[in-house]
$ cat model_17.cif   # mmCIF, C-alpha atoms
data_target
#
loop_
_atom_site.label_atom_id
_atom_site.label_comp_id
_atom_site.auth_asym_id
_atom_site.auth_seq_id
_atom_site.Cartn_x
_atom_site.Cartn_y
_atom_site.Cartn_z
CA MET A 1 32.61 4.67 -57.32
CA ARG A 2 29.57 6.57 -58.60
CA SER A 3 28.68 7.89 -55.14
CA ARG A 4 32.30 8.93 -54.72
CA ARG A 5 32.11 10.89 -57.98
CA VAL A 6 29.01 12.67 -56.70
CA VAL A 7 30.85 13.68 -53.53
CA LEU A 8 33.81 14.97 -55.58
CA ALA A 9 31.48 16.91 -57.86
CA VAL A 10 29.74 18.47 -54.86
CA LEU A 11 33.06 19.43 -53.29
CA ALA A 12 34.18 21.07 -56.53
CA LEU A 13 30.98 23.08 -56.70
CA LEU A 14 31.30 24.16 -53.08
CA ILE A 15 34.91 25.29 -53.54
CA VAL A 16 33.89 27.77 -56.22
CA GLY A 17 30.42 28.23 -54.82
CA GLY A 18 31.07 31.18 -52.53
CA ALA A 19 32.18 33.54 -55.29
CA ALA A 20 29.58 32.17 -57.68
CA TYR A 21 26.77 32.83 -55.22
CA VAL A 22 27.82 36.45 -54.83
CA ALA A 23 27.61 36.90 -58.61
CA GLN A 24 24.37 34.95 -58.93
CA ASN A 25 22.62 37.09 -56.33
CA LEU A 26 22.48 39.82 -58.97
CA GLU A 27 20.32 37.61 -61.17
CA PRO A 28 16.75 36.48 -60.30
CA SER A 29 16.48 32.86 -59.22
CA GLY A 30 13.93 32.02 -61.90
CA VAL A 31 16.34 33.14 -64.61
CA LYS A 32 19.15 31.08 -63.10
CA MET A 33 16.92 28.01 -62.86
CA ARG A 34 15.88 28.33 -66.51
CA ALA A 35 19.49 28.48 -67.72
CA ALA A 36 20.54 25.56 -65.51
CA ALA A 37 17.53 23.44 -66.49
CA GLU A 38 18.10 24.07 -70.20
CA ARG A 39 21.75 23.10 -69.92
CA PHE A 40 20.86 19.94 -68.00
CA LEU A 41 18.22 18.86 -70.50
CA ASN A 42 20.43 19.63 -73.51
CA LEU A 43 23.03 17.16 -72.20
CA LEU A 44 20.56 14.27 -72.02
CA ASN A 45 19.97 11.67 -74.71
CA GLU A 46 16.43 10.91 -75.87
CA GLU A 47 15.89 8.00 -73.45
CA GLN A 48 17.07 10.11 -70.53
CA LYS A 49 14.83 13.03 -71.58
CA GLN A 50 11.82 10.71 -71.63
CA ARG A 51 12.54 9.81 -68.01
CA ALA A 52 13.32 13.35 -66.89
CA THR A 53 10.56 15.38 -68.56
CA PHE A 54 6.80 15.64 -68.09
CA SER A 55 4.10 18.05 -69.19
CA PHE A 56 3.41 20.88 -66.76
CA THR A 57 -0.10 19.52 -66.16
CA ASP A 58 1.06 15.96 -65.45
CA GLN A 59 -0.24 14.80 -62.06
CA GLU A 60 3.21 13.41 -61.32
CA ARG A 61 4.12 16.98 -60.32
CA PHE A 62 2.10 16.49 -57.14
CA ASN A 63 3.33 12.95 -56.46
CA TRP A 64 6.01 14.09 -54.03
CA HIS A 65 7.37 11.97 -51.20
CA PHE A 66 10.38 11.74 -48.89
CA VAL A 67 10.60 8.01 -48.10
CA PRO A 68 12.50 5.39 -50.11
CA LEU A 69 10.22 4.18 -52.91
CA GLN A 70 11.07 0.70 -54.20
CA ASP A 71 9.39 -2.52 -55.31
CA GLU A 72 9.85 -6.09 -54.10
CA GLN A 73 12.84 -6.49 -56.42
CA ARG A 74 14.52 -3.52 -54.71
CA LYS A 75 14.11 -1.35 -57.82
CA SER A 76 13.21 2.28 -57.36
CA THR A 77 9.66 3.24 -58.32
CA ARG A 78 10.32 6.99 -58.31
CA LYS A 79 9.79 8.96 -61.49
CA GLY A 80 12.47 11.17 -62.98
CA LEU A 81 16.11 10.67 -63.91
CA PRO A 82 18.38 9.53 -61.05
CA LEU A 83 21.99 10.58 -60.59
CA GLU A 84 23.05 6.97 -61.13
CA ALA A 85 21.77 7.13 -64.72
CA MET A 86 23.91 10.18 -65.58
CA ASN A 87 27.49 10.55 -66.76
CA ALA A 88 29.86 12.93 -65.01
CA GLU A 89 28.95 15.98 -67.12
CA GLN A 90 25.23 15.38 -66.76
CA ARG A 91 25.60 14.85 -63.02
CA ASN A 92 27.45 18.14 -62.66
CA ALA A 93 24.69 19.89 -64.62
CA ALA A 94 22.03 18.34 -62.36
CA LEU A 95 23.86 19.57 -59.28
CA GLU A 96 24.20 23.01 -60.88
CA LEU A 97 20.42 23.01 -61.31
CA LEU A 98 20.07 22.23 -57.61
CA ARG A 99 22.55 24.97 -56.78
CA SER A 100 20.59 27.50 -58.87
CA ALA A 101 17.56 26.89 -56.64
CA THR A 102 19.18 27.00 -53.21
CA SER A 103 21.32 29.18 -51.02
CA LEU A 104 24.85 27.99 -50.28
CA ASP A 105 23.56 26.60 -46.96
CA GLY A 106 20.62 24.98 -48.73
CA PHE A 107 22.90 23.32 -51.27
CA ARG A 108 25.12 21.98 -48.52
CA ARG A 109 22.13 20.63 -46.60
CA ALA A 110 20.65 18.95 -49.66
CA THR A 111 23.88 17.30 -50.77
CA THR A 112 24.71 16.25 -47.21
CA ILE A 113 21.31 14.55 -46.99
CA MET A 114 22.20 12.65 -50.15
CA SER A 115 25.53 11.60 -48.67
CA LEU A 116 23.91 10.25 -45.48
CA GLU A 117 22.68 7.30 -47.55
CA SER A 118 26.24 5.96 -47.48
CA ILE A 119 26.21 6.04 -43.67
CA LEU A 120 22.83 4.26 -43.61
CA ARG A 121 24.13 1.62 -46.03
CA ASP A 122 27.08 0.89 -43.72
CA LEU A 123 24.89 0.82 -40.60
CA GLU A 124 22.12 -1.34 -42.04
CA LYS A 125 24.33 -3.69 -44.12
CA ASN A 126 21.86 -5.74 -46.17
CA GLY A 127 18.73 -4.11 -44.82
CA ALA A 128 15.35 -4.14 -46.52
CA MET A 129 15.73 -0.62 -47.93
CA VAL A 130 18.20 0.32 -50.65
CA ARG A 131 20.51 3.08 -49.46
CA ASN A 132 22.05 4.72 -52.49
CA PRO A 133 23.46 8.30 -52.65
CA ASP A 134 22.76 8.21 -56.40
CA TRP A 135 19.03 7.56 -55.93
CA TYR A 136 18.08 11.23 -56.20
CA PHE A 137 15.78 11.94 -59.12
CA PHE A 138 15.49 15.06 -61.27
CA SER A 139 12.20 15.89 -63.05
CA VAL A 140 11.26 18.87 -65.24
CA PHE A 141 7.60 19.73 -65.86
CA GLY A 142 6.91 21.79 -68.97
CA LYS A 143 9.49 23.68 -71.02
CA PRO A 144 11.86 25.96 -69.08
CA GLY A 145 11.32 29.58 -70.03
CA THR A 146 7.94 29.05 -71.70
CA GLY A 147 5.14 30.43 -69.53
CA ARG A 148 4.82 28.25 -66.45
CA TRP A 149 7.18 25.37 -65.83
CA ALA A 150 8.43 23.49 -62.78
CA TRP A 151 11.04 21.06 -61.63
CA ARG A 152 11.79 18.75 -58.70
CA VAL A 153 14.69 16.93 -57.11
CA GLU A 154 13.68 14.11 -54.83
CA GLY A 155 14.83 11.03 -52.97
CA HIS A 156 15.03 9.69 -49.43
CA HIS A 157 14.67 12.60 -46.98
CA LEU A 158 14.68 15.23 -49.74
CA SER A 159 11.90 16.75 -51.84
CA LEU A 160 12.44 20.20 -53.30
CA ASN A 161 9.77 21.55 -55.64
CA PHE A 162 9.90 24.76 -57.70
CA THR A 163 7.39 26.49 -59.97
CA VAL A 164 8.49 29.32 -62.28
CA GLU A 165 6.38 31.76 -64.29
CA ASP A 166 7.76 34.38 -66.68
CA GLY A 167 11.20 34.09 -65.12
CA LYS A 168 9.95 34.45 -61.53
CA VAL A 169 9.87 31.74 -58.88
CA VAL A 170 6.22 31.71 -57.79
CA SER A 171 6.62 28.73 -55.46
CA ALA A 172 9.52 26.95 -53.75
CA THR A 173 7.35 24.51 -51.82
CA PRO A 174 6.85 21.82 -50.66
CA LEU A 175 10.38 21.94 -49.22
CA PHE A 176 11.18 18.78 -47.27
CA MET A 177 14.52 17.88 -45.67
CA GLY A 178 15.22 15.02 -43.29
CA ALA A 179 18.23 13.41 -41.68
CA ASN A 180 19.03 9.93 -40.38
CA PRO A 181 21.14 10.12 -38.34
CA ALA A 182 20.29 13.66 -37.28
CA THR A 183 23.62 13.71 -35.43
CA VAL A 184 26.30 11.32 -36.65
CA LYS A 185 27.45 9.47 -33.54
CA GLU A 186 30.38 7.43 -34.84
CA GLY A 187 32.91 7.23 -37.65
CA PRO A 188 34.90 9.82 -39.61
CA ARG A 189 31.92 12.20 -39.81
CA LYS A 190 31.14 12.03 -36.10
CA GLY A 191 29.43 15.18 -34.86
CA LEU A 192 27.89 16.12 -38.23
CA ARG A 193 24.42 17.68 -37.84
CA THR A 194 22.71 18.25 -41.16
CA LEU A 195 19.65 20.18 -39.93
CA ALA A 196 20.89 21.60 -36.65
CA GLU A 197 19.24 25.00 -37.08
CA SER A 198 15.68 23.72 -37.40
CA GLN A 199 16.15 21.79 -34.17
CA ASP A 200 18.23 24.23 -32.12
CA ARG A 201 16.22 27.37 -32.90
CA ALA A 202 12.99 25.65 -31.81
CA ARG A 203 14.62 24.47 -28.59
CA ASP A 204 15.86 28.01 -27.94
CA LEU A 205 12.34 29.36 -28.35
CA PHE A 206 10.70 26.71 -26.19
CA ARG A 207 13.28 27.10 -23.41
CA SER A 208 12.71 30.88 -23.40
CA LEU A 209 9.01 30.45 -22.57
CA THR A 210 7.59 31.02 -19.12
CA GLU A 211 5.65 28.22 -17.43
CA ASP A 212 2.37 29.81 -18.45
CA GLN A 213 3.54 30.19 -22.05
CA ARG A 214 4.70 26.56 -22.11
CA LYS A 215 1.28 25.41 -20.99
CA GLN A 216 -0.22 27.18 -23.97
CA ALA A 217 2.43 25.92 -26.39
CA ARG A 218 2.37 22.25 -25.33
CA ILE A 219 0.10 19.78 -27.05
CA GLY A 220 -0.94 16.49 -25.48
CA GLN A 221 0.64 14.18 -28.04
CA HIS A 222 3.18 14.31 -30.82
CA PHE A 223 2.16 15.72 -34.16
CA PRO A 224 1.50 12.99 -36.76
CA GLU A 225 3.85 12.21 -39.61
CA ILE A 226 4.07 14.86 -42.31
CA LYS A 227 1.62 14.12 -45.12
CA ALA A 228 3.04 13.84 -48.63
CA ARG A 229 1.41 13.31 -52.03
CA ASN A 230 -0.99 16.19 -51.55
CA GLN A 231 -1.25 19.51 -53.33
CA LEU A 232 -1.73 21.64 -50.22
CA PRO A 233 -0.98 20.92 -46.55
CA ASP A 234 -3.80 19.48 -44.47
CA VAL A 235 -2.92 20.72 -40.99
CA GLY A 236 -6.19 22.19 -39.77
CA LYS A 237 -6.47 25.24 -37.56
CA PRO A 238 -3.36 26.52 -35.76
CA VAL A 239 -2.76 25.30 -32.23
CA GLY A 240 -0.40 26.32 -29.45
CA LEU A 241 0.91 29.69 -28.32
CA ALA A 242 0.11 32.78 -30.39
CA ALA A 243 3.02 35.05 -31.30
CA SER A 244 1.02 37.98 -29.90
CA LYS A 245 1.85 36.61 -26.43
CA LEU A 246 5.60 36.55 -26.99
CA THR A 247 8.05 39.15 -25.76
CA GLU A 248 10.15 41.05 -28.30
CA GLU A 249 13.13 38.81 -27.52
CA GLN A 250 11.00 35.70 -28.01
CA ARG A 251 9.64 37.05 -31.29
CA GLY A 252 13.25 37.40 -32.40
CA LEU A 253 13.79 33.72 -31.58
CA LEU A 254 10.67 32.86 -33.56
CA PHE A 255 12.07 34.72 -36.56
CA ASP A 256 15.36 32.85 -36.18
CA LEU A 257 13.39 29.60 -36.34
CA LEU A 258 11.54 30.66 -39.50
CA ARG A 259 14.82 31.64 -41.12
CA ALA A 260 16.21 28.18 -40.31
CA TYR A 261 13.81 26.98 -43.00
CA THR A 262 13.83 29.83 -45.51
CA SER A 263 17.64 30.06 -45.38
CA SER A 264 17.78 27.02 -47.68
CA MET A 265 16.14 29.12 -50.42
CA PRO A 266 17.90 31.60 -52.70
CA ALA A 267 18.08 35.07 -51.17
CA ASP A 268 15.36 36.63 -53.35
CA VAL A 269 12.93 33.75 -52.75
CA ALA A 270 13.62 33.71 -49.00
CA GLU A 271 13.07 37.48 -48.82
CA ALA A 272 9.73 37.18 -50.62
CA GLU A 273 8.70 34.35 -48.29
CA MET A 274 9.52 36.34 -45.15
CA ASN A 275 7.86 39.49 -46.52
CA GLY A 276 4.69 37.50 -47.12
CA ILE A 277 4.75 36.23 -43.54
CA GLN A 278 5.02 39.76 -42.15
CA GLU A 279 2.33 41.17 -44.44
CA ALA A 280 -0.08 38.42 -43.35
CA GLY A 281 0.34 39.41 -39.70
CA LEU A 282 2.86 38.22 -37.16
CA ASP A 283 0.46 38.01 -34.23
CA SER A 284 -1.51 35.22 -35.88
CA ILE A 285 1.49 32.86 -36.01
CA HIS A 286 1.23 29.95 -33.55
CA PHE A 287 4.00 27.80 -32.06
CA ALA A 288 3.13 24.37 -30.69
CA TRP A 289 5.47 21.83 -29.08
CA SER A 290 5.35 18.26 -27.78
CA GLY A 291 7.91 16.23 -25.85
CA SER A 292 11.20 17.24 -24.25
CA PRO A 293 13.81 19.72 -25.52
CA GLU A 294 16.61 17.59 -24.08
CA GLU A 295 19.06 15.71 -26.29
CA GLY A 296 17.94 12.19 -27.20
CA GLN A 297 14.31 12.82 -26.22
CA GLN A 298 11.38 12.66 -28.63
CA HIS A 299 9.83 15.95 -29.64
CA THR A 300 7.76 17.53 -32.40
CA TYR A 301 6.70 21.07 -33.17
CA ARG A 302 4.66 23.07 -35.62
CA VAL A 303 4.84 26.76 -36.51
CA GLN A 304 1.81 27.92 -38.43
CA GLY A 305 0.77 31.26 -39.86
CA PRO A 306 -1.76 32.44 -42.45
CA THR A 307 0.65 31.81 -45.36
CA PHE A 308 2.88 28.93 -44.21
CA VAL A 309 3.38 25.95 -41.96
CA ALA A 310 6.62 24.43 -40.68
CA GLU A 311 6.37 20.87 -39.40
CA PHE A 312 9.10 19.04 -37.50
CA LEU A 313 9.32 15.54 -36.03
CA ASN A 314 12.12 13.84 -34.13
CA VAL A 315 10.45 10.73 -32.75
CA GLN A 316 12.29 7.88 -34.47
CA GLU A 317 15.53 6.17 -33.52
CA ASP A 318 18.32 6.27 -36.08
CA SER A 319 19.65 3.21 -37.90
CA ALA A 320 22.15 2.59 -35.07
CA LYS A 321 19.22 2.48 -32.57
CA ASN A 322 20.05 5.84 -30.96
CA PRO A 323 16.73 7.29 -29.72
CA ALA A 324 15.22 10.45 -31.21
CA ASN A 325 17.96 10.91 -33.79
CA HIS A 326 15.95 10.86 -37.03
CA ILE A 327 14.51 14.17 -38.21
CA HIS A 328 11.73 15.11 -40.63
CA ALA A 329 11.29 18.84 -41.35
CA CYS A 330 9.02 20.46 -43.93
CA TRP A 331 8.15 24.00 -45.00
CA ARG A 332 4.96 24.49 -46.98
CA SER A 333 2.78 27.28 -48.29
CA ARG A 334 -0.78 26.99 -47.01
CA LYS A 335 -2.17 28.44 -50.24
CA ASN A 336 0.53 28.31 -52.91
CA ASP A 337 2.36 24.97 -52.93
CA PHE A 338 3.25 24.17 -56.55
CA GLY A 339 2.22 27.74 -57.46
CA LEU A 340 -1.45 26.80 -57.26
CA ALA A 341 -2.52 30.22 -55.96
CA SER A 342 -0.65 31.92 -58.79
CA LYS A 343 -2.70 30.34 -61.60
#
$ encode --input "model_17.cif" --output "structure tokens"
Amino acid sequence: MRSRRVVLAVLALLIVGGAAYVAQNLEPSGVKMRAAAERFLNLLNEEQKQRATFSFTDQERFNWHFVPLQDEQRKSTRKGLPLEAMNAEQRNAALELLRSATSLDGFRRATTIMSLESILRDLEKNGAMVRNPDWYFFSVFGKPGTGRWAWRVEGHHLSLNFTVEDGKVVSATPLFMGANPATVKEGPRKGLRTLAESQDRARDLFRSLTEDQRKQARIGQHFPEIKARNQLPDVGKPVGLAASKLTEEQRGLLFDLLRAYTSSMPADVAEAEMNGIQEAGLDSIHFAWSGSPEEGQQHTYRVQGPTFVAEFLNVQEDSAKNPANHIHACWRSRKNDFGLASK
């Protein structure tokens, strides 16, 4: 019943969301986050606040991950306050906090990722991992509106991290979204693709390449799993095909791919992210690919520039054993995750 209430709450927010987003675009995202975070915290009792709040300097802020975290008794070991520990009003406030930090598309992606846990629970029956749409945890670091503060929402296949200073969002990374199944193959939600853009735009770019360009873009083996629990990405030097060797049309496809990631952010944050990419120099961006672009075939890619890195893997089967139908996608700042460069 709880997971059903979450779905109903999300639907209610989405129904009014279109008009609300138009109005909110007139207000900076950092201001919206502060108001939403204060309302959320004010609704919590003391025990809930102890679970949900940390000092800004607490190392837990960097303890981000995107896999299910549980002990041998099948109890979650994640920090923060989960949706399952909230009443209806608190849950709505938590989702409003999420909505204050995302675009309409980003909110839909995040809440759809949460809802996929119900599909996994049905597919896996009594599997080793707990699949619970209410196991998404909200954490606030520091006091909203006072100097620097931050917050996070996290659970299986979702880790969104935000740092705010003087009412301005100085970092919206790490931003991780995943999906299992990437494409729902059966049931009432058949055909649903949660992260279609991050997959399709990369395929479009790779398919547009000439044979010589593909030779430069291809790497010999798949990229490794995305590393979590670190303060800055450890990806090394860029590899693959430099954007300086792309045609104008191909550069347009590259921009479409970058926007597939930044489009989950609020408009002002996404604009700042894209402006930073252009100011750092487009020609130094590299695109690297492994595997096949065909449906059901394993593939990974990385797009890396001076300010950012986008990592994508589709190498795992889904819980129904369909090959290459389990996506991990992450957008990170190479210098400013968690607002570290803005100290």
$ residues_around --input "model_17.cif" --residues "region 313-322 of chain A" --least-positions-apart "5" --cutoff "10 Å" --atoms "all atoms listed in the file" --output "ChimeraX atom specification"
/A:119-124,178-186,199,222-226,290-291,296-302,327-330
$ resolve_selection --input "model_17.cif" --expression "the PyMOL selection byres ((chain A and resi 152-165) around 6)" --output "PyMOL selection string"
chain A and resi 66-68+136-139+147-151+166-178+338-339
$ write_last_selection --input "model_17.cif" --atoms "C-alpha atoms" --output "mmCIF file, in the coordinates of the input"
data_model
loop_
_atom_site.group_PDB
_atom_site.id
_atom_site.type_symbol
_atom_site.label_atom_id
_atom_site.label_comp_id
_atom_site.auth_asym_id
_atom_site.auth_seq_id
_atom_site.Cartn_x
_atom_site.Cartn_y
_atom_site.Cartn_z
ATOM 1 C CA PHE A 66 10.380 11.740 -48.890
ATOM 2 C CA VAL A 67 10.600 8.010 -48.100
ATOM 3 C CA PRO A 68 12.500 5.390 -50.110
ATOM 4 C CA TYR A 136 18.080 11.230 -56.200
ATOM 5 C CA PHE A 137 15.780 11.940 -59.120
ATOM 6 C CA PHE A 138 15.490 15.060 -61.270
ATOM 7 C CA SER A 139 12.200 15.890 -63.050
ATOM 8 C CA GLY A 147 5.140 30.430 -69.530
ATOM 9 C CA ARG A 148 4.820 28.250 -66.450
ATOM 10 C CA TRP A 149 7.180 25.370 -65.830
ATOM 11 C CA ALA A 150 8.430 23.490 -62.780
ATOM 12 C CA TRP A 151 11.040 21.060 -61.630
ATOM 13 C CA ASP A 166 7.760 34.380 -66.680
ATOM 14 C CA GLY A 167 11.200 34.090 -65.120
ATOM 15 C CA LYS A 168 9.950 34.450 -61.530
ATOM 16 C CA VAL A 169 9.870 31.740 -58.880
ATOM 17 C CA VAL A 170 6.220 31.710 -57.790
ATOM 18 C CA SER A 171 6.620 28.730 -55.460
ATOM 19 C CA ALA A 172 9.520 26.950 -53.750
ATOM 20 C CA THR A 173 7.350 24.510 -51.820
ATOM 21 C CA PRO A 174 6.850 21.820 -50.660
ATOM 22 C CA LEU A 175 10.380 21.940 -49.220
ATOM 23 C CA PHE A 176 11.180 18.780 -47.270
ATOM 24 C CA MET A 177 14.520 17.880 -45.670
ATOM 25 C CA GLY A 178 15.220 15.020 -43.290
ATOM 26 C CA PHE A 338 3.250 24.170 -56.550
ATOM 27 C CA GLY A 339 2.220 27.740 -57.460
#
$ residues_around --input "model_17.cif" --residues "Thr247 (chain A)" --least-positions-apart "4" --cutoff "12 Å" --atoms "all atoms listed in the file" --output "VMD selection string"
chain A and resid 205 208 to 210 213 242 to 243 251 to 254 283
$ resolve_selection --input "model_17.cif" --expression "the PyMOL selection byres ((chain A and resi 94) around 10)" --output "list in words"
Ala36, Ala37, Arg39, Phe40, Leu41, Leu43, Leu81, Pro82, Leu83, Met86, Ala88, Glu89, Gln90, Arg91, Asn92, Ala93, Leu95, Glu96, Leu97, Leu98, Arg99, Ser100, Phe137, Phe138 and Val153 of chain A
$ write_last_selection --input "model_17.cif" --atoms "C-alpha atoms" --output "PDB file, in the coordinates of the input"
ATOM      1  CA  ALA A  36      20.540  25.560 -65.510  1.00  0.00           C
ATOM      2  CA  ALA A  37      17.530  23.440 -66.490  1.00  0.00           C
ATOM      3  CA  ARG A  39      21.750  23.100 -69.920  1.00  0.00           C
ATOM      4  CA  PHE A  40      20.860  19.940 -68.000  1.00  0.00           C
ATOM      5  CA  LEU A  41      18.220  18.860 -70.500  1.00  0.00           C
ATOM      6  CA  LEU A  43      23.030  17.160 -72.200  1.00  0.00           C
ATOM      7  CA  LEU A  81      16.110  10.670 -63.910  1.00  0.00           C
ATOM      8  CA  PRO A  82      18.380   9.530 -61.050  1.00  0.00           C
ATOM      9  CA  LEU A  83      21.990  10.580 -60.590  1.00  0.00           C
ATOM     10  CA  MET A  86      23.910  10.180 -65.580  1.00  0.00           C
ATOM     11  CA  ALA A  88      29.860  12.930 -65.010  1.00  0.00           C
ATOM     12  CA  GLU A  89      28.950  15.980 -67.120  1.00  0.00           C
ATOM     13  CA  GLN A  90      25.230  15.380 -66.760  1.00  0.00           C
ATOM     14  CA  ARG A  91      25.600  14.850 -63.020  1.00  0.00           C
ATOM     15  CA  ASN A  92      27.450  18.140 -62.660  1.00  0.00           C
ATOM     16  CA  ALA A  93      24.690  19.890 -64.620  1.00  0.00           C
ATOM     17  CA  LEU A  95      23.860  19.570 -59.280  1.00  0.00           C
ATOM     18  CA  GLU A  96      24.200  23.010 -60.880  1.00  0.00           C
ATOM     19  CA  LEU A  97      20.420  23.010 -61.310  1.00  0.00           C
ATOM     20  CA  LEU A  98      20.070  22.230 -57.610  1.00  0.00           C
ATOM     21  CA  ARG A  99      22.550  24.970 -56.780  1.00  0.00           C
ATOM     22  CA  SER A 100      20.590  27.500 -58.870  1.00  0.00           C
ATOM     23  CA  PHE A 137      15.780  11.940 -59.120  1.00  0.00           C
ATOM     24  CA  PHE A 138      15.490  15.060 -61.270  1.00  0.00           C
ATOM     25  CA  VAL A 153      14.690  16.930 -57.110  1.00  0.00           C
TER      26      VAL A 153
END
$ residues_near_point --input "model_17.cif" --point "(3.5, 11.3, -52.7)" --cutoff "10 Å" --atoms "all atoms listed in the file" --output "PyMOL selection string"
chain A and resi 60-67+69+78+227-231
$ closest_residue --input "model_17.cif" --among "A:Gly276, A:Pro293, A:Gly142, A:Gly220" --to "Arg201 (chain A)" --atoms "all atoms listed in the file"
A:Pro293
$ atom_distance --input "model_17.cif" --atom1 "CA of Arg218 (chain A)" --atom2 "CA of Asn336 (chain A)"
28.3 Å
$ atom_distance --input "model_17.cif" --atom1 "CA of Glu197 (chain A)" --atom2 "CA of Gly106 (chain A)"
11.7 Å
$ decode --input "model_17.cif" --residues "region 192-226 of chain A" --atoms "C-alpha atoms" --output "mmCIF file, in the first residue's frame"
data_model
loop_
_atom_site.group_PDB
_atom_site.id
_atom_site.type_symbol
_atom_site.label_atom_id
_atom_site.label_comp_id
_atom_site.auth_asym_id
_atom_site.auth_seq_id
_atom_site.Cartn_x
_atom_site.Cartn_y
_atom_site.Cartn_z
ATOM 1 C CA LEU A 192 8.572 1.737 -21.007
ATOM 2 C CA ARG A 193 12.120 3.097 -21.429
ATOM 3 C CA THR A 194 13.232 5.182 -18.478
ATOM 4 C CA LEU A 195 16.549 6.464 -19.881
ATOM 5 C CA ALA A 196 15.977 6.190 -23.605
ATOM 6 C CA GLU A 197 17.678 9.484 -24.481
ATOM 7 C CA SER A 198 21.062 8.628 -22.977
ATOM 8 C CA GLN A 199 21.093 5.425 -25.010
ATOM 9 C CA ASP A 200 19.524 6.588 -28.278
ATOM 10 C CA ARG A 201 21.502 9.825 -28.654
ATOM 11 C CA ALA A 202 24.791 7.932 -28.251
ATOM 12 C CA ARG A 203 23.711 5.351 -30.826
ATOM 13 C CA ASP A 204 22.775 8.160 -33.216
ATOM 14 C CA LEU A 205 26.218 9.694 -32.831
ATOM 15 C CA PHE A 206 28.091 6.420 -33.223
ATOM 16 C CA ARG A 207 26.077 5.405 -36.296
ATOM 17 C CA SER A 208 26.813 8.787 -37.906
ATOM 18 C CA LEU A 209 30.574 8.179 -37.775
ATOM 19 C CA THR A 210 32.613 7.187 -40.792
ATOM 20 C CA GLU A 211 34.694 4.005 -40.655
ATOM 21 C CA ASP A 212 37.802 6.015 -39.895
ATOM 22 C CA GLN A 213 36.033 7.935 -37.129
ATOM 23 C CA ARG A 214 34.712 4.683 -35.648
ATOM 24 C CA LYS A 215 38.223 3.285 -35.490
ATOM 25 C CA GLN A 216 39.246 6.276 -33.418
ATOM 26 C CA ALA A 217 36.157 6.143 -31.209
ATOM 27 C CA ARG A 218 36.237 2.394 -30.467
ATOM 28 C CA ILE A 219 38.043 1.062 -27.439
ATOM 29 C CA GLY A 220 39.197 -2.534 -27.130
ATOM 30 C CA GLN A 221 37.080 -3.497 -24.138
ATOM 31 C CA HIS A 222 34.096 -2.221 -22.222
ATOM 32 C CA PHE A 223 34.567 0.588 -19.755
ATOM 33 C CA PRO A 224 34.627 -0.632 -16.132
ATOM 34 C CA GLU A 225 31.767 -0.143 -13.718
ATOM 35 C CA ILE A 226 31.198 3.436 -12.591
#
